[in-house]
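File shown: model.csv (CSV, C-alpha atoms and all ligand atoms).
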chain,number,residue,atom,x,y,z
O,953,MET,CA,-20.7,-6.7,4.6
O,954,ASP,CA,-19.4,-5.7,8.0
O,955,ARG,CA,-15.8,-5.1,8.8
O,956,LYS,CA,-15.2,-8.5,10.3
O,957,GLU,CA,-16.6,-10.3,7.2
O,958,PHE,CA,-14.4,-8.1,5.0
O,959,ILE,CA,-11.3,-9.2,6.9
O,960,ILE,CA,-12.2,-12.8,6.7
O,961,ASN,CA,-13.2,-12.7,3.0
O,962,SER,CA,-10.0,-10.8,2.2
O,963,THR,CA,-7.9,-13.4,4.0
O,964,LEU,CA,-9.6,-16.3,2.3
O,965,ALA,CA,-9.2,-14.7,-1.1
O,966,ALA,CA,-5.5,-14.4,-0.4
O,967,PHE,CA,-5.1,-18.1,-0.8
O,968,ALA,CA,-6.7,-18.1,-4.2
O,969,VAL,CA,-5.0,-15.2,-5.8
O,970,SER,CA,-1.5,-13.9,-5.4
O,971,ILE,CA,-0.8,-10.3,-6.6
O,972,SER,CA,2.0,-8.0,-5.7
O,973,GLY,CA,2.3,-4.3,-6.3
O,974,CYS,CA,5.1,-4.9,-8.8
O,975,LYS,CA,4.1,-7.8,-10.9
O,976,LYS,CA,6.6,-9.0,-13.4
O,977,ASP,CA,4.7,-9.9,-16.6
O,978,GLU,CA,6.5,-10.9,-19.7
O,979,GLU,CA,3.7,-9.6,-21.7
O,980,THR,CA,0.4,-7.9,-20.6
O,981,THR,CA,-2.4,-7.2,-23.0
O,982,THR,CA,-4.3,-3.9,-22.4
O,983,THR,CA,-8.0,-3.5,-22.8
O,984,SER,CA,-7.4,-1.8,-26.2
O,985,GLY,CA,-5.5,-4.8,-27.5
O,986,GLY,CA,-2.1,-3.2,-27.2
O,987,VAL,CA,0.7,-4.9,-25.5
O,988,LEU,CA,2.6,-3.4,-22.6
O,989,THR,CA,6.4,-3.8,-22.4
O,990,PRO,CA,7.7,-5.7,-19.3
O,991,VAL,CA,8.6,-2.4,-17.6
O,992,GLU,CA,5.2,-0.9,-18.1
O,993,ALA,CA,3.6,-4.2,-16.9
O,994,CYS,CA,5.5,-4.0,-13.6
O,995,GLU,CA,5.3,-0.3,-13.1
O,996,THR,CA,4.0,0.9,-9.7
O,997,THR,CA,1.4,3.5,-10.6
O,998,SER,CA,0.8,6.7,-8.8
O,999,ASP,CA,-2.3,7.8,-6.9
O,1000,ILE,CA,-3.4,11.1,-5.3
O,1001,LEU,CA,-1.4,12.5,-2.3
O,1002,GLY,CA,-4.7,13.5,-0.5
O,1003,PRO,CA,-5.0,16.3,2.0
O,1004,PHE,CA,-3.5,14.5,5.0
O,1005,TYR,CA,0.2,14.1,4.3
O,1006,ARG,CA,2.5,15.4,7.0
O,1007,ALA,CA,6.3,15.7,6.5
O,1008,GLY,CA,8.5,14.5,9.3
O,1009,ALA,CA,7.0,11.2,10.3
O,1010,PRO,CA,9.3,9.3,12.6
O,1011,ASP,CA,11.7,6.6,11.4
O,1012,ARG,CA,10.1,3.5,12.9
O,1013,TYR,CA,9.1,0.0,12.1
O,1014,ASP,CA,6.4,-0.3,14.7
O,1015,LEU,CA,3.5,2.1,14.4
O,1016,THR,CA,1.3,0.4,17.0
O,1017,PHE,CA,1.0,1.7,20.6
O,1018,ALA,CA,-0.6,0.8,23.9
O,1019,GLY,CA,-4.4,0.9,23.8
O,1020,LEU,CA,-4.6,0.7,20.1
O,1021,THR,CA,-7.5,-1.2,18.6
O,1022,GLY,CA,-7.5,-2.8,15.2
O,1023,ASN,CA,-6.1,-5.7,13.2
O,1024,VAL,CA,-2.4,-5.7,13.3
O,1025,ILE,CA,-0.6,-6.3,10.0
O,1026,GLU,CA,3.0,-6.4,8.8
O,1027,LEU,CA,3.3,-4.3,5.6
O,1028,LYS,CA,6.4,-5.2,3.7
O,1029,GLY,CA,8.0,-5.3,0.3
O,1030,LYS,CA,11.0,-4.3,-1.8
O,1031,VAL,CA,11.9,-1.1,-3.6
O,1032,PHE,CA,13.2,-1.7,-7.1
O,1033,LYS,CA,14.4,0.4,-10.0
O,1034,GLU,CA,12.1,0.6,-13.0
O,1035,ASP,CA,13.3,-2.8,-14.2
O,1036,CYS,CA,11.5,-4.3,-11.1
O,1037,SER,CA,14.6,-6.4,-10.3
O,1038,THR,CA,17.4,-4.1,-9.2
O,1039,PRO,CA,17.0,-3.3,-5.5
O,1040,ILE,CA,17.2,0.3,-4.4
O,1041,GLU,CA,19.0,0.9,-1.1
O,1042,ASN,CA,18.1,3.9,1.1
O,1043,ALA,CA,14.9,4.8,-0.6
O,1044,LEU,CA,12.8,6.7,1.9
O,1045,VAL,CA,9.4,5.0,2.3
O,1046,GLU,CA,6.8,7.1,4.1
O,1047,ILE,CA,3.3,5.7,4.9
O,1048,TRP,CA,0.3,7.3,6.5
O,1049,HIS,CA,-3.3,6.1,7.1
O,1050,CYS,CA,-6.4,6.7,9.2
O,1051,ASP,CA,-7.3,4.9,12.4
O,1052,THR,CA,-10.1,2.3,12.6
O,1053,ALA,CA,-12.7,5.2,13.0
O,1054,GLY,CA,-11.5,6.9,9.8
O,1055,ALA,CA,-9.6,9.7,11.4
O,1056,TYR,CA,-6.0,10.9,10.6
O,1057,ASP,CA,-3.6,12.3,13.2
O,1058,ASN,CA,-3.1,15.8,11.6
O,1059,SER,CA,-1.7,17.6,14.5
O,1060,SER,CA,-0.2,15.6,17.4
O,1061,SER,CA,3.5,15.2,18.0
O,1062,ASP,CA,2.9,11.4,18.1
O,1063,PHE,CA,2.4,11.2,14.4
O,1064,LYS,CA,0.0,8.3,14.9
O,1065,HIS,CA,-0.3,5.9,12.0
O,1066,ARG,CA,2.6,7.6,10.3
O,1067,GLY,CA,6.1,6.3,9.7
O,1068,THR,CA,9.2,6.5,7.6
O,1069,ARG,CA,11.7,3.7,6.8
O,1070,SER,CA,14.8,3.5,4.6
O,1071,SER,CA,15.0,0.4,2.3
O,1072,ASP,CA,18.0,-1.8,3.1
O,1073,VAL,CA,20.7,-3.1,0.8
O,1074,ASN,CA,18.2,-5.7,-0.6
O,1075,GLY,CA,15.6,-3.0,-1.1
O,1076,ASP,CA,13.5,-4.3,1.8
O,1077,TYR,CA,11.2,-2.2,3.9
O,1078,ALA,CA,8.6,-3.1,6.5
O,1079,PHE,CA,6.1,-1.6,9.0
O,1080,LYS,CA,4.0,-3.0,11.7
O,1081,THR,CA,0.7,-1.2,11.8
O,1082,ILE,CA,-3.1,-1.8,11.7
O,1083,LEU,CA,-5.6,-2.1,8.9
O,1084,PRO,CA,-7.1,1.4,8.5
O,1085,GLY,CA,-10.8,2.1,8.8
O,1086,LYS,CA,-12.8,4.2,6.3
O,1087,TYR,CA,-13.9,7.8,5.9
O,1088,LYS,CA,-16.3,9.6,3.6
O,1089,ASN,CA,-15.4,11.4,0.4
O,1090,GLY,CA,-18.6,13.3,-0.2
O,1091,THR,CA,-21.4,10.8,0.1
O,1092,LEU,CA,-19.3,7.7,-0.6
O,1093,TYR,CA,-16.8,5.9,1.7
O,1094,ARG,CA,-13.3,5.7,0.3
O,1095,PRO,CA,-12.1,2.1,0.5
O,1096,SER,CA,-9.6,1.2,3.2
O,1097,HIS,CA,-6.2,2.4,2.0
O,1098,ILE,CA,-2.7,3.2,3.0
O,1099,HIS,CA,-0.8,6.2,1.5
O,1100,PHE,CA,2.8,5.9,0.3
O,1101,LYS,CA,5.4,8.5,-0.7
O,1102,ILE,CA,8.7,7.0,-1.8
O,1103,THR,CA,11.8,9.1,-2.6
O,1104,HIS,CA,15.4,8.5,-3.7
O,1105,PRO,CA,17.9,10.9,-5.2
O,1106,ASP,CA,18.3,8.8,-8.4
O,1107,SER,CA,14.6,8.1,-9.0
O,1108,GLU,CA,11.4,9.9,-9.7
O,1109,GLU,CA,9.3,10.6,-6.6
O,1110,LEU,CA,6.3,8.2,-6.3
O,1111,VAL,CA,3.1,9.1,-4.4
O,1112,SER,CA,0.7,6.2,-4.3
O,1113,GLN,CA,-1.9,4.2,-2.3
O,1114,ILE,CA,-2.7,0.6,-1.7
O,1115,TYR,CA,-6.1,-1.0,-1.3
O,1116,PHE,CA,-7.3,-4.4,-0.2
O,1117,LYS,CA,-9.0,-7.1,-2.1
O,1118,ASN,CA,-12.8,-7.6,-1.7
O,1119,ASP,CA,-13.3,-4.2,-0.2
O,1120,PRO,CA,-16.8,-3.3,-1.4
O,1121,HIS,CA,-16.0,0.4,-1.7
O,1122,ILE,CA,-13.3,0.0,-4.3
O,1123,GLU,CA,-15.6,-0.2,-7.3
O,1124,ASP,CA,-17.2,3.2,-6.9
O,1125,ASP,CA,-14.1,5.0,-5.7
O,1126,PRO,CA,-12.8,7.5,-8.3
O,1127,TRP,CA,-9.2,6.4,-7.7
O,1128,ALA,CA,-9.2,2.8,-6.5
O,1129,GLY,CA,-11.9,1.8,-9.1
O,1130,THR,CA,-9.7,2.6,-12.1
O,1131,LYS,CA,-7.5,0.3,-14.1
O,1132,ASN,CA,-4.6,2.4,-12.9
O,1133,ALA,CA,-5.0,1.0,-9.4
O,1134,GLU,CA,-5.5,-2.7,-10.5
O,1135,ARG,CA,-2.1,-3.9,-9.3
O,1136,ARG,CA,-2.3,-2.0,-6.0
O,1137,ILE,CA,-5.4,-3.9,-4.7
O,1138,LEU,CA,-3.6,-6.4,-2.5
O,1139,PRO,CA,-4.5,-9.6,-0.7
O,1140,ILE,CA,-4.2,-9.8,3.1
O,1141,THR,CA,-2.4,-13.0,3.8
O,1142,LEU,CA,-2.0,-15.2,6.9
O,1143,GLU,CA,1.6,-14.8,7.8
O,1144,ASP,CA,2.0,-17.8,10.1
O,1145,VAL,CA,0.4,-20.3,12.4
O,1146,ASN,CA,-0.5,-17.7,14.9
O,1147,GLY,CA,-2.9,-15.9,12.6
O,1148,ASN,CA,-0.7,-12.8,12.1
O,1149,LEU,CA,-1.7,-10.9,8.9
O,1150,ALA,CA,0.7,-9.5,6.3
O,1151,ILE,CA,0.5,-7.4,3.2
O,1152,GLU,CA,3.2,-7.4,0.5
O,1153,PHE,CA,3.7,-4.4,-1.7
O,1154,ASP,CA,6.7,-4.2,-4.0
O,1155,ILE,CA,7.5,-0.9,-5.5
O,1156,SER,CA,9.3,0.2,-8.7
O,1157,LEU,CA,10.6,3.7,-9.1
O,1158,LYS,CA,11.2,5.3,-12.5
O,1159,ASN,CA,14.8,6.3,-13.1
O,1160,LYS,CA,15.5,10.0,-13.3
N,1,FE,FE,-6.5,8.8,2.8
What does this structure look like when you write it as structure tokens?
Ligand SMILES: [Fe+2]
Amino acid sequence: MDRKEFIINSTLAAFAVSISGCKKDEETTTTSGGVLTPVEACETTSDILGPFYRAGAPDRYDLTFAGLTGNVIELKGKVFKEDCSTPIENALVEIWHCDTAGAYDNSSSDFKHRGTRSSDVNGDYAFKTILPGKYKNGTLYRPSHIHFKITHPDSEELVSQIYFKNDPHIEDDPWAGTKNAERRILPITLEDVNGNLAIEFDISLKNK
């Protein structure tokens, strides 16, 4: 499947399935037959930090810039306490991802494809950016992903990643291919009549 087909299939799939990063289930059965509590069922699970995190990414909504190629998306959601319903204001949401060729900006003062936002009084955060490309981890491509680091003085720090539905490289990825990542594999949705794309990722932080 080439990249264009991936985007189209992902978008179509979004109409059939609705999944958020913080799903509120009253009761979720595990594979072992146990039952998760509501808090466990909506927990935002962690993922690896990876080698490309840089502190100090600028506070900005719009990560796009002149000459940039790629499919523009709005990435948005809410930051909640661990009950997945109480909004957290002023949580620091940092994101970073590679460009369409799979490269991270690890040195420039532009901090390309990197940004920081503070959640507002309703817990809302948002970024305008592009869908990342892919890079190899050993012999395998990692699925397309966006890294997150979320911090707040009253909550446990969360480092995580999001992935996109129907990405053929998810299954064999050591991190995305696990049950731990299940609720972080997200649909890409058509935002409006102009064909703009959106991804929604709600986050719950464990209380300290
Ligand atoms: Fe990465």
Could you list, with a cut-off of 10 Å and counting all atoms listed in the file, the residues of chain O near ligand FE 1 (chain N), each shown with its nearest atom pair and the distance in Å rounded to one decimal, rows sorted by chain and ascending number, as JSON lines?
{"residue": "O:Ile1000", "atom": "CA", "partner": "N:FE1", "partner_atom": "FE", "distance": 9.0}
{"residue": "O:Leu1001", "atom": "CA", "partner": "N:FE1", "partner_atom": "FE", "distance": 8.1}
{"residue": "O:Gly1002", "atom": "CA", "partner": "N:FE1", "partner_atom": "FE", "distance": 6.0}
{"residue": "O:Pro1003", "atom": "CA", "partner": "N:FE1", "partner_atom": "FE", "distance": 7.7}
{"residue": "O:Phe1004", "atom": "CA", "partner": "N:FE1", "partner_atom": "FE", "distance": 6.8}
{"residue": "O:Tyr1005", "atom": "CA", "partner": "N:FE1", "partner_atom": "FE", "distance": 8.7}
{"residue": "O:Trp1048", "atom": "CA", "partner": "N:FE1", "partner_atom": "FE", "distance": 7.9}
{"residue": "O:His1049", "atom": "CA", "partner": "N:FE1", "partner_atom": "FE", "distance": 6.0}
{"residue": "O:Cys1050", "atom": "CA", "partner": "N:FE1", "partner_atom": "FE", "distance": 6.7}
{"residue": "O:Gly1054", "atom": "CA", "partner": "N:FE1", "partner_atom": "FE", "distance": 8.8}
{"residue": "O:Ala1055", "atom": "CA", "partner": "N:FE1", "partner_atom": "FE", "distance": 9.2}
{"residue": "O:Tyr1056", "atom": "CA", "partner": "N:FE1", "partner_atom": "FE", "distance": 8.1}
{"residue": "O:Pro1084", "atom": "CA", "partner": "N:FE1", "partner_atom": "FE", "distance": 9.4}
{"residue": "O:Gly1085", "atom": "CA", "partner": "N:FE1", "partner_atom": "FE", "distance": 10.0}
{"residue": "O:Lys1086", "atom": "CA", "partner": "N:FE1", "partner_atom": "FE", "distance": 8.5}
{"residue": "O:Tyr1087", "atom": "CA", "partner": "N:FE1", "partner_atom": "FE", "distance": 8.1}
{"residue": "O:Lys1088", "atom": "CA", "partner": "N:FE1", "partner_atom": "FE", "distance": 9.9}
{"residue": "O:Asn1089", "atom": "CA", "partner": "N:FE1", "partner_atom": "FE", "distance": 9.6}
{"residue": "O:Arg1094", "atom": "CA", "partner": "N:FE1", "partner_atom": "FE", "distance": 7.9}
{"residue": "O:Pro1095", "atom": "CA", "partner": "N:FE1", "partner_atom": "FE", "distance": 9.0}
{"residue": "O:Ser1096", "atom": "CA", "partner": "N:FE1", "partner_atom": "FE", "distance": 8.2}
{"residue": "O:His1097", "atom": "CA", "partner": "N:FE1", "partner_atom": "FE", "distance": 6.5}
{"residue": "O:Ile1098", "atom": "CA", "partner": "N:FE1", "partner_atom": "FE", "distance": 6.8}
{"residue": "O:His1099", "atom": "CA", "partner": "N:FE1", "partner_atom": "FE", "distance": 6.4}
{"residue": "O:Gln1113", "atom": "CA", "partner": "N:FE1", "partner_atom": "FE", "distance": 8.3}
Counting only C-alpha atoms, the residue of O:Cys1036, O:Val1024, O:Ile1114, O:Ile1151 that sits nearest Asn1132 (chain O):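 Nearest candidate to Asn1132 (chain O) out of O:Cys1036, O:Val1024, O:Ile1114, O:Ile1151: O:Ile1114.
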Point out the residue among O:Thr1052, O:Asn1074, O:Thr996, O:Ser1061 with the least atom-to-atom distance to Ile1155 (chain O), counting all atoms listed in the file. O:Thr996
Tell me, in Å to one decimal, how far CA of Thr1081 (chain O) is from CA of Asn1146 (chain O). 16.8 Å
Please, which residues are within 9 Å of (8.1, 6.9, -10.7) by the file's coordinates, counting all atoms listed in the file, and could they come as an MDAnalysis selection string? chainID O and resid 995:998 1034 1102 1107:1111 1156:1160
Find, counting all atoms listed in the file, the residue in O:Arg1006, O:Tyr1013, O:Leu1027, O:His1104 that gets nearest to Glu1143 (chain O).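 Among O:Arg1006, O:Tyr1013, O:Leu1027, O:His1104, it is O:Leu1027 that comes nearest to Glu1143 (chain O).
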Please report the interatomic distance between CA of Phe1100 (chain O) and CA of Glu1026 (chain O) in Å with one decimal. 15.0 Å
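We find CA of Ser1112 (chain O) and CA of Gly1019 (chain O) to be spaced 29.0 Å apart.
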Pick from O:Glu1046, O:Asp1106, O:Glu1134, O:Glu1123 nearest to Phe1032 (chain O), counting all atoms listed in the file: O:Asp1106
Please define a box with edges along x, y and z of the file around all atoms of region 1025-1039 of chain O given in the file, extend it by 4 Å on each side, and return its centre and edge lengths in Å to one decimal, as lines of an AutoDock Vina configuration file.
center_x = 8.4
center_y = -2.9
center_z = -2.1
size_x = 26.0
size_y = 15.0
size_z = 32.2
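Between Thr1068 (chain O) and the residues O:Gly1008, O:Pro1105, O:Pro1139, O:Pro1126, the shortest atom-to-atom distance, using only C-alpha atoms, involves O:Gly1008.
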Considering all atoms listed in the file, state which residue in the set O:Gly1090, O:Pro1039, O:Pro1010, O:Gly1147 is at the smallest distance from Asp1076 (chain O).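 Ranking O:Gly1090, O:Pro1039, O:Pro1010, O:Gly1147 by distance to Asp1076 (chain O), first place goes to O:Pro1039.
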Residues within 7 Å of (13.9, 1.2, 7.1), file coordinates, counting all atoms listed in the file: what are they? Give the list as a ChimeraX atom specification. /O:1069-1072,1077-1078
How would region 1028-1041 of chain O look with N, CA and C atoms restored, written as an mmCIF file, in the coordinates of the input?
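Ended up saving to out-v5.cif:
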data_model
loop_
_atom_site.group_PDB
_atom_site.id
_atom_site.type_symbol
_atom_site.label_atom_id
_atom_site.label_comp_id
_atom_site.auth_asym_id
_atom_site.auth_seq_id
_atom_site.Cartn_x
_atom_site.Cartn_y
_atom_site.Cartn_z
ATOM 1 N N LYS O 1028 5.005 -5.017 4.116
ATOM 2 C CA LYS O 1028 6.400 -5.200 3.700
ATOM 3 C C LYS O 1028 6.568 -5.332 2.242
ATOM 4 N N GLY O 1029 7.774 -5.100 1.765
ATOM 5 C CA GLY O 1029 8.000 -5.300 0.300
ATOM 6 C C GLY O 1029 9.440 -4.817 0.007
ATOM 7 N N LYS O 1030 9.654 -4.702 -1.292
ATOM 8 C CA LYS O 1030 11.000 -4.300 -1.800
ATOM 9 C C LYS O 1030 10.794 -3.053 -2.675
ATOM 10 N N VAL O 1031 11.820 -2.216 -2.677
ATOM 11 C CA VAL O 1031 11.900 -1.100 -3.600
ATOM 12 C C VAL O 1031 12.862 -1.410 -4.693
ATOM 13 N N PHE O 1032 12.380 -1.344 -5.940
ATOM 14 C CA PHE O 1032 13.200 -1.700 -7.100
ATOM 15 C C PHE O 1032 13.353 -0.472 -8.018
ATOM 16 N N LYS O 1033 14.370 -0.547 -8.870
ATOM 17 C CA LYS O 1033 14.400 0.400 -10.000
ATOM 18 C C LYS O 1033 13.335 0.000 -10.988
ATOM 19 N N GLU O 1034 13.224 0.765 -12.073
ATOM 20 C CA GLU O 1034 12.100 0.600 -13.000
ATOM 21 C C GLU O 1034 12.140 -0.779 -13.714
ATOM 22 N N ASP O 1035 13.277 -1.491 -13.628
ATOM 23 C CA ASP O 1035 13.300 -2.800 -14.200
ATOM 24 C C ASP O 1035 12.640 -3.862 -13.313
ATOM 25 N N CYS O 1036 12.233 -3.435 -12.119
ATOM 26 C CA CYS O 1036 11.500 -4.300 -11.100
ATOM 27 C C CYS O 1036 12.388 -5.461 -10.666
ATOM 28 N N SER O 1037 13.705 -5.359 -10.811
ATOM 29 C CA SER O 1037 14.600 -6.400 -10.300
ATOM 30 C C SER O 1037 15.817 -5.912 -9.598
ATOM 31 N N THR O 1038 16.224 -4.697 -9.871
ATOM 32 C CA THR O 1038 17.400 -4.100 -9.200
ATOM 33 C C THR O 1038 16.976 -3.422 -7.933
ATOM 34 N N PRO O 1039 17.396 -3.917 -6.748
ATOM 35 C CA PRO O 1039 17.000 -3.300 -5.500
ATOM 36 C C PRO O 1039 17.505 -1.868 -5.344
ATOM 37 N N ILE O 1040 16.755 -1.010 -4.709
ATOM 38 C CA ILE O 1040 17.200 0.300 -4.400
ATOM 39 C C ILE O 1040 17.432 0.406 -2.870
ATOM 40 N N GLU O 1041 18.659 0.718 -2.480
ATOM 41 C CA GLU O 1041 19.000 0.900 -1.100
ATOM 42 C C GLU O 1041 18.740 2.365 -0.688
#
